[in-house]
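Student: Following this line is upload-v7.tsv, made up of TSV, C-alpha atoms and all ligand atoms:
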```tsv
chain	number	residue	atom	x	y	z
I	28	MET	CA	0.00	0.00	0.00
I	29	SER	CA	1.28	3.47	-0.79
I	30	ASN	CA	1.85	5.83	2.10
I	31	ILE	CA	-1.47	7.18	3.34
I	32	PHE	CA	-0.06	10.59	4.26
I	33	ASP	CA	1.48	11.08	0.83
I	34	LYS	CA	-1.84	10.18	-0.70
I	35	ILE	CA	-3.85	12.57	1.44
I	36	GLU	CA	-1.31	15.33	1.10
I	37	SER	CA	-1.24	15.09	-2.67
I	38	GLU	CA	-5.05	15.14	-2.77
I	39	THR	CA	-5.20	18.19	-0.59
I	40	THR	CA	-2.61	20.10	-2.52
I	41	THR	CA	-3.84	19.33	-6.00
I	42	SER	CA	-7.60	19.25	-6.19
I	43	LYS	CA	-8.71	21.41	-3.30
I	44	ASN	CA	-8.07	25.08	-3.17
I	45	ILE	CA	-10.01	26.58	-0.32
I	46	PHE	CA	-7.59	27.35	2.50
I	47	LYS	CA	-4.30	29.06	1.91
I	48	ASN	CA	-3.50	28.98	5.63
I	49	LYS	CA	-5.88	28.02	8.40
I	50	ILE	CA	-3.89	29.51	11.28
I	51	PRO	CA	-5.35	33.04	11.01
I	52	LEU	CA	-8.79	31.57	11.70
I	53	ASP	CA	-7.68	30.10	15.01
I	54	HIS	CA	-8.79	31.84	18.21
I	55	ARG	CA	-5.25	32.12	19.49
I	56	TYR	CA	-3.93	33.87	16.40
I	57	LEU	CA	-2.93	37.42	17.25
I	58	PRO	CA	-3.33	39.70	14.22
I	59	ASN	CA	-0.81	42.50	13.83
I	60	LYS	CA	-3.65	45.01	13.58
I	61	LEU	CA	-6.80	45.17	15.71
I	62	VAL	CA	-9.39	47.20	13.85
I	63	HIS	CA	-12.06	48.97	15.92
I	64	ARG	CA	-10.13	48.58	19.15
I	65	GLU	CA	-7.77	51.54	18.77
I	66	GLU	CA	-9.57	53.40	21.53
I	67	GLN	CA	-9.33	50.60	24.10
I	68	ILE	CA	-5.70	49.88	23.24
I	69	THR	CA	-4.86	53.56	23.59
I	70	ASP	CA	-6.62	53.62	26.96
I	71	ILE	CA	-4.49	50.71	28.16
I	72	ALA	CA	-1.34	52.37	26.81
I	73	LYS	CA	-2.13	55.64	28.59
I	74	ILE	CA	-2.15	53.75	31.87
I	75	TRP	CA	0.83	51.54	31.17
I	76	VAL	CA	3.06	54.32	29.83
I	77	ASP	CA	4.08	55.06	33.44
I	78	ALA	CA	6.05	51.82	33.46
I	79	LEU	CA	8.48	53.34	30.96
I	80	ASN	CA	9.41	55.90	33.59
I	81	GLU	CA	9.78	53.35	36.36
I	82	VAL	CA	6.44	54.30	37.88
I	83	THR	CA	4.06	51.44	38.66
I	84	PRO	CA	0.94	51.85	36.51
I	85	SER	CA	-2.57	51.88	38.01
I	86	ASN	CA	-4.48	48.65	37.99
I	87	VAL	CA	-6.91	48.19	35.13
I	88	THR	CA	-9.94	46.01	34.56
I	89	LEU	CA	-11.22	45.18	31.08
I	90	TYR	CA	-14.87	44.28	30.84
I	91	GLY	CA	-16.84	42.88	27.98
I	92	LYS	CA	-18.66	39.88	26.68
I	93	THR	CA	-16.90	36.92	25.10
I	94	GLY	CA	-15.26	37.64	21.77
I	95	THR	CA	-15.07	41.41	22.11
I	96	GLY	CA	-11.30	41.42	21.75
I	97	LYS	CA	-10.21	41.77	25.39
I	98	THR	CA	-7.56	39.07	25.30
I	99	ALA	CA	-6.31	40.16	21.89
I	100	ALA	CA	-6.12	43.84	22.91
I	101	SER	CA	-4.26	43.09	26.13
I	102	LYS	CA	-1.74	40.90	24.33
I	103	PHE	CA	-1.33	43.49	21.62
I	104	ALA	CA	-0.72	46.25	24.17
I	105	SER	CA	1.77	44.10	26.06
I	106	GLU	CA	3.80	43.33	22.95
I	107	GLN	CA	3.94	47.04	22.21
I	108	LEU	CA	4.95	47.85	25.76
I	109	LYS	CA	7.72	45.25	25.75
I	110	ASP	CA	9.11	46.77	22.55
I	111	ALA	CA	9.01	50.29	23.95
I	112	ALA	CA	10.64	49.16	27.21
I	113	SER	CA	13.50	47.41	25.48
I	114	ASN	CA	14.15	50.53	23.40
I	115	LYS	CA	14.25	52.64	26.56
I	116	LYS	CA	16.28	50.04	28.43
I	117	VAL	CA	13.90	49.94	31.39
I	118	ARG	CA	12.93	46.63	32.96
I	119	VAL	CA	9.23	45.99	32.40
I	120	GLU	CA	7.89	42.47	32.65
I	121	VAL	CA	4.41	41.63	31.43
I	122	GLU	CA	3.10	38.23	32.43
I	123	TYR	CA	-0.05	36.83	30.96
I	124	ILE	CA	-1.93	34.36	33.12
I	125	ARG	CA	-5.05	32.57	32.03
I	126	CYS	CA	-6.78	31.93	35.30
I	127	THR	CA	-8.45	28.82	33.93
I	128	ASP	CA	-4.98	27.23	33.79
I	129	TYR	CA	-3.79	28.21	37.27
I	130	THR	CA	-6.20	27.49	40.02
I	131	THR	CA	-4.50	28.46	43.24
I	132	GLU	CA	-2.75	31.55	44.52
I	133	TYR	CA	0.35	29.44	45.15
I	134	GLN	CA	0.47	28.29	41.54
I	135	VAL	CA	0.10	31.81	40.18
I	136	ILE	CA	2.74	33.34	42.44
I	137	ALA	CA	5.16	30.45	41.84
I	138	GLN	CA	4.69	30.87	38.11
I	139	LEU	CA	5.42	34.60	38.39
I	140	CYS	CA	8.59	33.98	40.44
I	141	GLN	CA	9.78	31.54	37.80
I	142	GLN	CA	9.08	34.03	35.02
I	143	LEU	CA	11.13	36.59	36.92
I	144	GLY	CA	14.02	34.15	36.97
I	145	ARG	CA	13.80	32.74	40.51
I	146	ASP	CA	13.74	28.99	40.83
I	147	VAL	CA	10.92	28.07	43.22
I	148	PRO	CA	9.16	24.72	43.65
I	149	ASN	CA	5.70	24.25	42.18
I	150	ARG	CA	4.51	22.90	45.50
I	151	GLY	CA	5.75	22.24	49.01
I	152	TRP	CA	6.47	25.70	50.35
I	153	THR	CA	3.97	27.52	52.50
I	154	LYS	CA	2.01	30.34	50.96
I	155	GLY	CA	3.92	32.79	53.16
I	156	GLU	CA	7.25	31.54	51.84
I	157	ILE	CA	6.25	31.85	48.22
I	158	VAL	CA	4.71	35.30	48.69
I	159	ASN	CA	7.76	36.57	50.55
I	160	THR	CA	10.05	35.32	47.82
I	161	PHE	CA	7.92	37.08	45.22
I	162	ARG	CA	8.02	40.36	47.15
I	163	ASP	CA	11.72	39.98	47.68
I	164	ILE	CA	12.39	39.75	43.94
I	165	LEU	CA	10.32	42.85	43.27
I	166	SER	CA	11.78	44.91	46.07
I	167	LYS	CA	15.29	44.65	44.65
I	168	ARG	CA	16.89	46.05	41.55
I	169	ASP	CA	17.91	43.56	38.89
I	170	VAL	CA	21.52	42.69	38.04
I	171	PHE	CA	21.76	45.79	35.83
I	172	GLY	CA	20.58	48.01	38.66
I	173	ARG	CA	17.16	48.57	37.10
I	174	LYS	CA	13.91	48.71	38.99
I	175	ILE	CA	11.60	45.85	38.01
I	176	THR	CA	8.05	46.79	37.07
I	177	LEU	CA	5.74	43.81	36.76
I	178	ILE	CA	2.41	43.92	34.99
I	179	VAL	CA	0.26	40.84	35.54
I	180	ILE	CA	-2.58	40.14	33.15
I	181	LEU	CA	-5.18	37.97	34.84
I	182	ASP	CA	-7.41	36.77	32.02
I	183	GLU	CA	-10.75	35.05	32.67
I	184	ILE	CA	-10.52	36.24	36.25
I	185	ASP	CA	-14.16	35.37	36.91
I	186	ILE	CA	-13.21	31.73	37.22
I	187	LEU	CA	-11.08	32.47	40.28
I	188	LEU	CA	-13.77	34.04	42.33
I	189	ASP	CA	-15.20	30.84	43.71
I	190	LYS	CA	-11.73	29.56	44.52
I	191	ASP	CA	-9.19	31.70	46.37
I	192	GLY	CA	-9.07	34.24	43.59
I	193	ASP	CA	-9.55	37.21	45.77
I	194	GLY	CA	-6.41	36.07	47.60
I	195	ILE	CA	-4.41	36.40	44.42
I	196	LEU	CA	-5.74	39.88	43.76
I	197	TYR	CA	-5.04	40.83	47.34
I	198	THR	CA	-1.45	39.65	47.23
I	199	LEU	CA	-0.71	41.19	43.86
I	200	THR	CA	-2.29	44.53	44.63
I	201	ARG	CA	-0.33	44.70	47.89
I	202	THR	CA	3.06	44.04	46.38
I	203	ASP	CA	5.19	47.03	45.41
I	204	ASN	CA	5.97	47.53	41.73
I	205	VAL	CA	3.15	45.25	40.57
I	206	SER	CA	0.27	46.41	38.40
I	207	VAL	CA	-2.66	44.15	37.59
I	208	LEU	CA	-4.76	44.10	34.46
I	209	SER	CA	-7.77	41.89	35.07
I	210	ILE	CA	-10.08	40.72	32.33
I	211	SER	CA	-13.66	39.88	33.13
I	212	ASN	CA	-16.59	38.71	31.04
I	213	TYR	CA	-18.94	39.61	33.76
I	214	LEU	CA	-19.97	43.15	34.50
I	215	ASP	CA	-20.97	42.25	38.04
I	216	PHE	CA	-17.57	40.92	38.90
I	217	LYS	CA	-16.67	43.65	41.38
I	218	ASN	CA	-19.71	42.87	43.50
I	219	LEU	CA	-18.48	39.34	43.90
I	220	ILE	CA	-15.06	40.12	45.30
I	221	LYS	CA	-14.63	41.11	48.89
I	222	SER	CA	-14.32	44.77	49.75
I	223	ARG	CA	-10.84	44.41	51.24
I	224	VAL	CA	-9.70	43.65	47.71
I	225	THR	CA	-11.77	46.26	45.93
I	226	SER	CA	-10.21	48.99	48.03
I	227	SER	CA	-6.65	47.93	47.22
I	228	LEU	CA	-7.53	47.26	43.60
I	229	ASN	CA	-8.48	50.90	43.02
I	230	ASP	CA	-8.56	50.28	39.31
I	231	LYS	CA	-9.43	52.07	36.11
I	232	GLU	CA	-12.06	50.41	33.97
I	233	ILE	CA	-12.14	49.93	30.22
I	234	VAL	CA	-15.25	48.59	28.54
I	235	PHE	CA	-15.25	46.51	25.38
I	236	PRO	CA	-18.64	46.87	23.74
I	237	PRO	CA	-19.98	44.12	21.47
I	238	TYR	CA	-19.02	44.45	17.81
I	239	GLY	CA	-21.65	45.47	15.29
I	240	ALA	CA	-22.07	43.59	12.02
I	241	ASP	CA	-19.99	46.12	10.05
I	242	GLN	CA	-17.12	45.91	12.49
I	243	LEU	CA	-17.20	42.13	12.40
I	244	SER	CA	-17.11	42.31	8.61
I	245	ASP	CA	-13.91	44.34	8.78
I	246	ILE	CA	-12.35	41.87	11.21
I	247	LEU	CA	-13.31	38.89	9.07
I	248	SER	CA	-12.15	40.47	5.82
I	249	GLU	CA	-8.67	40.97	7.24
I	250	ARG	CA	-8.47	37.35	8.31
I	251	ALA	CA	-10.04	35.99	5.14
I	252	LYS	CA	-7.29	37.59	3.04
I	253	LEU	CA	-4.73	35.57	4.97
I	254	ALA	CA	-6.70	32.35	5.25
I	255	PHE	CA	-8.46	31.76	1.92
I	256	TYR	CA	-7.34	31.70	-1.68
I	257	ASP	CA	-8.52	34.65	-3.76
I	258	ASP	CA	-12.14	34.59	-4.94
I	259	VAL	CA	-13.01	31.47	-2.97
I	260	LEU	CA	-15.59	33.21	-0.80
I	261	ASP	CA	-18.98	34.03	-2.29
I	262	ASP	CA	-19.93	37.66	-1.76
I	263	ASP	CA	-22.52	36.90	0.89
I	264	VAL	CA	-20.27	34.76	3.08
I	265	ILE	CA	-18.63	37.47	5.19
I	266	PRO	CA	-21.79	39.58	5.56
I	267	LEU	CA	-23.69	36.49	6.65
I	268	CYS	CA	-21.09	35.40	9.20
I	269	SER	CA	-20.97	38.97	10.53
I	270	ALA	CA	-24.73	39.32	10.79
I	271	MET	CA	-25.07	35.99	12.59
I	272	ALA	CA	-22.27	36.83	15.02
I	273	ALA	CA	-23.65	40.33	15.62
I	274	LYS	CA	-26.83	38.64	16.76
I	275	GLU	CA	-24.74	36.48	19.09
I	276	GLU	CA	-23.77	39.53	21.11
I	277	GLY	CA	-21.08	40.80	18.77
I	278	ASP	CA	-18.78	37.86	19.33
I	279	ALA	CA	-15.75	37.98	17.00
I	280	ARG	CA	-14.70	34.49	18.03
I	281	TYR	CA	-18.00	33.11	16.87
I	282	ALA	CA	-17.74	35.02	13.61
I	283	LEU	CA	-14.31	33.49	12.99
I	284	ASP	CA	-15.63	30.05	13.88
I	285	LEU	CA	-18.44	30.41	11.39
I	286	LEU	CA	-16.05	31.41	8.64
I	287	LYS	CA	-13.64	28.59	9.42
I	288	ASN	CA	-16.34	25.93	9.64
I	289	ALA	CA	-17.99	27.17	6.45
I	290	GLY	CA	-14.61	26.78	4.72
I	291	GLU	CA	-14.22	23.28	6.09
I	292	LEU	CA	-17.66	22.27	4.94
I	293	ALA	CA	-16.97	23.62	1.46
I	294	TYR	CA	-13.74	21.67	1.46
I	295	ASP	CA	-15.49	18.46	2.51
I	296	ASP	CA	-18.07	19.00	-0.25
I	297	ASP	CA	-15.28	19.34	-2.83
I	298	SER	CA	-16.85	22.68	-3.60
I	299	GLU	CA	-14.77	25.29	-5.40
I	300	LYS	CA	-16.43	28.08	-3.46
I	301	VAL	CA	-17.61	28.76	0.04
I	302	THR	CA	-21.29	29.73	-0.12
I	303	GLY	CA	-23.95	31.18	2.17
I	304	GLU	CA	-25.36	27.68	2.46
I	305	HIS	CA	-22.05	26.52	3.92
I	306	VAL	CA	-22.29	29.29	6.49
I	307	ARG	CA	-25.77	28.20	7.53
I	308	LYS	CA	-24.60	24.62	7.86
I	309	ALA	CA	-21.59	25.83	9.80
I	310	LYS	CA	-23.90	27.50	12.27
I	311	ASP	CA	-25.73	24.23	12.93
I	312	ARG	CA	-22.52	22.31	13.22
I	313	ILE	CA	-21.00	24.73	15.73
I	314	GLU	CA	-24.14	24.81	17.78
I	315	PHE	CA	-24.37	21.05	17.84
I	316	ASN	CA	-20.74	20.49	18.79
I	317	LYS	CA	-20.69	23.21	21.37
I	318	VAL	CA	-23.79	22.18	23.16
I	319	THR	CA	-23.29	18.44	23.17
I	320	GLU	CA	-19.65	18.51	24.12
I	321	ILE	CA	-19.99	21.06	26.85
I	322	ILE	CA	-23.07	19.59	28.42
I	323	GLN	CA	-21.75	16.07	28.43
I	324	THR	CA	-18.65	17.10	30.34
I	325	LEU	CA	-20.35	19.35	32.89
I	326	PRO	CA	-20.46	18.28	36.55
I	327	LEU	CA	-23.76	16.70	37.56
I	328	GLN	CA	-25.08	19.63	39.57
I	329	GLN	CA	-24.51	22.01	36.68
I	330	GLN	CA	-26.35	19.64	34.37
I	331	ARG	CA	-29.24	19.77	36.82
I	332	LEU	CA	-29.12	23.53	36.87
I	333	LEU	CA	-29.39	23.49	33.09
I	334	GLU	CA	-32.33	21.14	33.34
I	335	ALA	CA	-33.95	23.68	35.65
I	336	ILE	CA	-33.28	26.50	33.17
I	337	LEU	CA	-34.73	24.37	30.38
I	338	ASN	CA	-37.90	23.67	32.37
I	339	LEU	CA	-38.45	27.33	33.14
I	340	THR	CA	-37.72	28.32	29.54
I	341	LYS	CA	-40.30	25.85	28.30
I	342	ASN	CA	-42.83	27.42	30.64
I	343	ASN	CA	-41.98	30.82	29.18
I	344	GLU	CA	-40.98	32.18	32.55
I	345	GLU	CA	-38.65	35.08	33.21
I	346	ILE	CA	-35.77	33.36	34.97
I	347	THR	CA	-34.44	35.12	38.04
I	348	SER	CA	-31.77	33.52	40.20
I	349	GLY	CA	-34.33	32.99	42.98
I	350	LYS	CA	-36.81	31.21	40.78
I	351	LEU	CA	-34.06	29.18	39.22
I	352	TYR	CA	-32.81	28.03	42.60
I	353	GLU	CA	-36.28	26.79	43.55
I	354	GLU	CA	-36.62	24.82	40.36
I	355	TYR	CA	-33.10	23.46	40.74
I	356	GLN	CA	-33.80	22.34	44.29
I	357	SER	CA	-36.86	20.45	43.19
I	358	ILE	CA	-34.72	18.55	40.68
I	359	SER	CA	-31.68	18.00	42.87
I	360	LYS	CA	-33.48	17.46	46.17
I	361	LYS	CA	-31.07	16.27	48.86
I	362	ASP	CA	-27.88	16.84	46.82
I	363	ALA	CA	-28.70	20.47	46.07
I	364	VAL	CA	-25.75	22.84	46.50
I	365	THR	CA	-26.10	26.22	48.22
I	366	TYR	CA	-27.61	29.30	46.68
I	367	ARG	CA	-24.18	30.96	46.66
I	368	ARG	CA	-22.71	28.12	44.57
I	369	ILE	CA	-25.49	28.59	42.03
I	370	PHE	CA	-24.04	31.99	41.18
I	371	ASP	CA	-20.72	30.37	40.38
I	372	PHE	CA	-22.47	27.82	38.18
I	373	ILE	CA	-24.38	30.55	36.37
I	374	ASN	CA	-21.13	32.38	35.85
I	375	GLU	CA	-19.43	29.29	34.44
I	376	LEU	CA	-22.32	28.42	32.15
I	377	GLU	CA	-22.27	31.97	30.88
I	378	LEU	CA	-18.53	31.80	30.22
I	379	LEU	CA	-19.23	28.65	28.23
I	380	GLY	CA	-21.81	30.55	26.22
I	381	ILE	CA	-24.72	28.25	27.00
I	382	ILE	CA	-26.67	30.89	28.84
I	383	SER	CA	-26.58	34.65	29.09
I	384	THR	CA	-27.40	36.90	32.00
I	385	ASN	CA	-28.62	40.41	32.02
I	386	THR	CA	-28.64	42.54	35.14
I	387	ILE	CA	-31.70	44.71	35.47
I	388	SER	CA	-32.58	47.25	38.07
I	389	ARG	CA	-35.90	46.84	39.83
I	390	GLY	CA	-35.99	50.51	40.73
I	391	ARG	CA	-34.64	52.48	43.64
I	392	GLY	CA	-33.98	50.56	46.80
I	393	LYS	CA	-35.18	47.30	45.30
I	394	GLY	CA	-31.72	46.25	44.15
I	395	ARG	CA	-30.75	44.48	41.00
I	396	THR	CA	-31.70	41.13	39.58
I	397	ASN	CA	-30.06	38.82	37.12
I	398	ILE	CA	-32.28	37.57	34.33
I	399	ILE	CA	-31.01	34.32	32.88
I	400	LYS	CA	-31.60	33.22	29.32
I	401	LEU	CA	-30.80	30.08	27.42
I	402	GLN	CA	-28.38	30.70	24.55
I	403	CYS	CA	-28.61	27.32	22.87
I	404	ASP	CA	-31.30	25.46	21.06
I	405	GLU	CA	-33.94	24.08	23.45
I	406	GLU	CA	-34.48	20.84	21.61
I	407	LEU	CA	-30.78	20.15	21.30
I	408	LEU	CA	-30.32	20.77	25.00
I	409	GLU	CA	-33.21	18.51	25.85
I	410	THR	CA	-31.95	15.63	23.70
I	411	THR	CA	-28.45	15.98	25.10
I	412	LEU	CA	-29.56	16.11	28.72
I	413	PHE	CA	-31.90	13.21	28.13
I	414	SER	CA	-29.13	11.09	26.61
I	415	ILE	CA	-26.89	11.42	29.69
J	501	LIG	N1	-10.63	44.13	16.65
J	501	LIG	C1	-10.23	42.92	16.26
J	501	LIG	N2	-9.49	42.78	15.13
J	501	LIG	C2	-9.08	41.56	14.73
J	501	LIG	N3	-9.36	40.43	15.38
J	501	LIG	C3	-10.10	40.50	16.51
J	501	LIG	C4	-10.56	41.74	17.00
J	501	LIG	N4	-11.29	41.52	18.13
J	501	LIG	C5	-11.26	40.20	18.32
J	501	LIG	N5	-10.57	39.57	17.37
J	501	LIG	C6	-10.34	38.15	17.27
J	501	LIG	O1	-11.51	37.49	17.72
J	501	LIG	C7	-11.18	36.39	18.56
J	501	LIG	C8	-11.77	36.61	19.92
J	501	LIG	O2	-11.16	37.74	20.53
J	501	LIG	P1	-10.65	37.68	22.05
J	501	LIG	O3	-9.65	38.74	22.25
J	501	LIG	O4	-10.24	36.29	22.39
J	501	LIG	O5	-12.01	38.04	22.80
J	501	LIG	P2	-12.32	38.06	24.37
J	501	LIG	O6	-11.03	37.88	25.10
J	501	LIG	O7	-12.97	39.37	24.60
J	501	LIG	O8	-13.27	36.92	24.59
J	501	LIG	C9	-9.66	36.30	18.55
J	501	LIG	O9	-9.28	35.37	17.59
J	501	LIG	C10	-9.23	37.70	18.18
J	501	LIG	O10	-7.98	37.68	17.53
J	502	MG	MG	-10.51	36.33	26.33
```
Produce structure tokens that represent the structure in this file.
Tutor:
Amino acid sequence: MSNIFDKIESETTTSKNIFKNKIPLDHRYLPNKLVHREEQITDIAKIWVDALNEVTPSNVTLYGKTGTGKTAASKFASEQLKDAASNKKVRVEVEYIRCTDYTTEYQVIAQLCQQLGRDVPNRGWTKGEIVNTFRDILSKRDVFGRKITLIVILDEIDILLDKDGDGILYTLTRTDNVSVLSISNYLDFKNLIKSRVTSSLNDKEIVFPPYGADQLSDILSERAKLAFYDDVLDDDVIPLCSAMAAKEEGDARYALDLLKNAGELAYDDDSEKVTGEHVRKAKDRIEFNKVTEIIQTLPLQQQRLLEAILNLTKNNEEITSGKLYEEYQSISKKDAVTYRRIFDFINELELLGIISTNTISRGRGKGRTNIIKLQCDEELLETTLFSI
């Protein structure tokens, strides 16, 4: 038998001409230009510019829904800052930490010490020992006699709040020469952290609004030039992806996913062009994969919470956290977790994109309420939950 890879490779390079390079359609790809985010990037730069004069910048928090360019903008700004710092010969370190990868304060601080060049164990020391070591590094000048300014980007910080996340913020904000940029998908995030942290955080806030369809079109066009061969996309493909993603709360990640999946479907069809029909099929495929995969791997109590949301949605009820908890309790009975934990679950499900929440004010003195909405197809959710 001839070599299977040679065979597949020759097929892909001869007969099929859809993708020139798939990498620019990946979420992690950082484009060298971020259209429609000049304002937010400038705002970050205005705060961080202090670091170039050996002054510790204020803390910053970036807010915005998924796919509004927060991660990309923060990485873009940090690359620019690193360049500027090396030109000025000042010591500025920017460390990016995705909080979903590091779950404890110890892990985060140990990681930061290692990035600053100090060899510390990943476990085994007390928290006090690791924190003291961290502060020791930052209190001294480096071997060239330069002050060290450390900027820590804490991305997806929401995930830390039910663990000891406020401990991390507390330690970082109380260490000299450290500035924190936190990134949150959740506008209510400040209410969830303890006040001792909020007071030392004392941050500036930058909001990332959802993209409109035209802005998404611009973003996609830039990527399409890099990813697809010329004239492969039908004229309606980018407008359609953009319109669909604009409806999904202006999510650029979703727009890119649609475009990539549409390309893959065209490729699988041996089609010479990517068409609007491919985009519509891509939408179904993404939805299906997202929902089934996520739901199947959720912990049991979160699956039950989803079941509760589904029941209330089917009854056409406005879902407040209180009502949801009642319904959830009736499903979970003795195993039900506390009301406080439900907020964490809601938060996590929202980060996963299965539900959305919207905070509304009930009027003066009556406080605010979260209204929860399902963001995936009801039937699909029902079949998936039923199959587990
Ligand atoms: N203004 C933009 N220009 C180009 N690409 C963008 C822009 N905003 C977002 N993207 C891309 O969309 C995807 C999602 O953006 P990301 O920064 O991860 O969003 P968030 O962190 O807000 O969820 C990434 O692939 C990113 O490169
Ligand atoms: Mg992000």
Student: I:Lys252: which residues within 12 Å, counting all atoms listed in the file, same-chain residues fewer than 3 positions away excluded, as a PDB file with C-alpha atoms, in the coordinates of the input?
Tutor:
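Okay, around_31.pdb is ready:
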```pdb
ATOM      1  CA  ILE I  45     -10.010  26.580  -0.320  1.00  0.00           C
ATOM      2  CA  PHE I  46      -7.590  27.350   2.500  1.00  0.00           C
ATOM      3  CA  LYS I  47      -4.300  29.060   1.910  1.00  0.00           C
ATOM      4  CA  ASN I  48      -3.500  28.980   5.630  1.00  0.00           C
ATOM      5  CA  LYS I  49      -5.880  28.020   8.400  1.00  0.00           C
ATOM      6  CA  PRO I  51      -5.350  33.040  11.010  1.00  0.00           C
ATOM      7  CA  LEU I  52      -8.790  31.570  11.700  1.00  0.00           C
ATOM      8  CA  ASP I 245     -13.910  44.340   8.780  1.00  0.00           C
ATOM      9  CA  ILE I 246     -12.350  41.870  11.210  1.00  0.00           C
ATOM     10  CA  LEU I 247     -13.310  38.890   9.070  1.00  0.00           C
ATOM     11  CA  SER I 248     -12.150  40.470   5.820  1.00  0.00           C
ATOM     12  CA  GLU I 249      -8.670  40.970   7.240  1.00  0.00           C
ATOM     13  CA  PHE I 255      -8.460  31.760   1.920  1.00  0.00           C
ATOM     14  CA  TYR I 256      -7.340  31.700  -1.680  1.00  0.00           C
ATOM     15  CA  ASP I 257      -8.520  34.650  -3.760  1.00  0.00           C
ATOM     16  CA  ASP I 258     -12.140  34.590  -4.940  1.00  0.00           C
ATOM     17  CA  VAL I 259     -13.010  31.470  -2.970  1.00  0.00           C
ATOM     18  CA  LEU I 260     -15.590  33.210  -0.800  1.00  0.00           C
ATOM     19  CA  ILE I 265     -18.630  37.470   5.190  1.00  0.00           C
TER      20      ILE I 265
END
```
Student: Go ahead and compute the interatomic distance for atom CA of I:Leu139 and atom CA of I:Thr83, in Å to one decimal.
Tutor: 16.9 Å
Student: If we count all atoms listed in the file and set the cut-off at 9 Å, which residues sit around I:Ser105, ignoring sequence neighbours fewer than 3 positions away in its own chain? Please answer as a list in words.
Tutor: Ala72, Ala100, Ser101, Lys102, Leu108, Lys109, Asp110, Val121, Glu122, Tyr123 and Ile178 of chain I
Student: Kindly provide, as an NGL selection string, all nucleotide and amino acid residues lying within 9 Å of ligand MG 502 (chain J), counting all atoms listed in the file.
Tutor: :I and (92-99 or 125 or 182-183 or 210-212)
Student: Here's a test: counting only C-alpha atoms, identify every protein, DNA and RNA residue with an atom at most 10 Å from (-3.0, 45.0, 39.7) in the file's coordinate frame, and state them as a PyMOL selection string.
Tutor: chain I and resi 83-88+177-181+195-202+204-209+227-230
Student: When you draw a straight line from atom CA of I:Gln356 to atom CA of I:Leu333, how long is it in Å?
Tutor: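 Spanning atom CA of I:Gln356 to atom CA of I:Leu333 is a straight-line distance of 12.1 Å.
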Student: Would you compute the distance between atom CA of I:Val301 and atom CA of I:Leu283? Give it in Å to one decimal.
Tutor: 14.2 Å
Student: I'd like the contact shell of I:Glu291 - 12 Å cut-off, all atoms listed in the file, skipping same-chain residues fewer than 5 positions apart - returned as a list in words.
Tutor: Lys43, Asn44, Ile45, Phe46, Lys49, Leu52, Ala254, Phe255, Asp284, Leu285, Leu286, Asp296, Asp297, Ser298, Glu299, Lys300, Val301, Thr302, His305, Val306, Lys308, Ala309, Arg312 and Ile313 of chain I
Student: I need the residue nearest I:Arg162 from this list: I:Asp146, I:Asp404, I:Asp203, I:Glu354. Use only C-alpha atoms for the distance.
Tutor: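 Once distances to I:Arg162 are computed over only C-alpha atoms, the minimum belongs to I:Asp203.
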Student: Determine, counting only C-alpha atoms, which protein, DNA and RNA residues have an atom within 12 Å of an atom of I:Gln330; residues of the same chain fewer than 2 positions away are not included. Present the result as a compact mmCIF listing (two decimals) with C-alpha atoms, in the frame of the given file.
Tutor:
```txt
# COMPACT_ATOMS: atom_id res chain seq x y z
CA VAL I 318 -23.79 22.18 23.16
CA THR I 319 -23.29 18.44 23.17
CA ILE I 321 -19.99 21.06 26.85
CA ILE I 322 -23.07 19.59 28.42
CA GLN I 323 -21.75 16.07 28.43
CA THR I 324 -18.65 17.10 30.34
CA LEU I 325 -20.35 19.35 32.89
CA PRO I 326 -20.46 18.28 36.55
CA LEU I 327 -23.76 16.70 37.56
CA GLN I 328 -25.08 19.63 39.57
CA LEU I 332 -29.12 23.53 36.87
CA LEU I 333 -29.39 23.49 33.09
CA GLU I 334 -32.33 21.14 33.34
CA ALA I 335 -33.95 23.68 35.65
CA ILE I 336 -33.28 26.50 33.17
CA LEU I 337 -34.73 24.37 30.38
CA TYR I 355 -33.10 23.46 40.74
CA ILE I 358 -34.72 18.55 40.68
CA SER I 359 -31.68 18.00 42.87
CA ALA I 363 -28.70 20.47 46.07
CA ILE I 369 -25.49 28.59 42.03
CA PHE I 372 -22.47 27.82 38.18
CA ILE I 373 -24.38 30.55 36.37
CA GLU I 375 -19.43 29.29 34.44
CA LEU I 376 -22.32 28.42 32.15
CA ILE I 381 -24.72 28.25 27.00
CA LEU I 408 -30.32 20.77 25.00
CA GLU I 409 -33.21 18.51 25.85
CA THR I 411 -28.45 15.98 25.10
CA LEU I 412 -29.56 16.11 28.72
CA PHE I 413 -31.90 13.21 28.13
CA SER I 414 -29.13 11.09 26.61
CA ILE I 415 -26.89 11.42 29.69
```
Student: Between I:Lys274, I:Lys73, I:Lys115, I:Arg280, which has the minimum distance to ligand LIG 501 (chain J) (counting all atoms listed in the file)?
Tutor: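 Nearest to ligand LIG 501 (chain J): I:Arg280.
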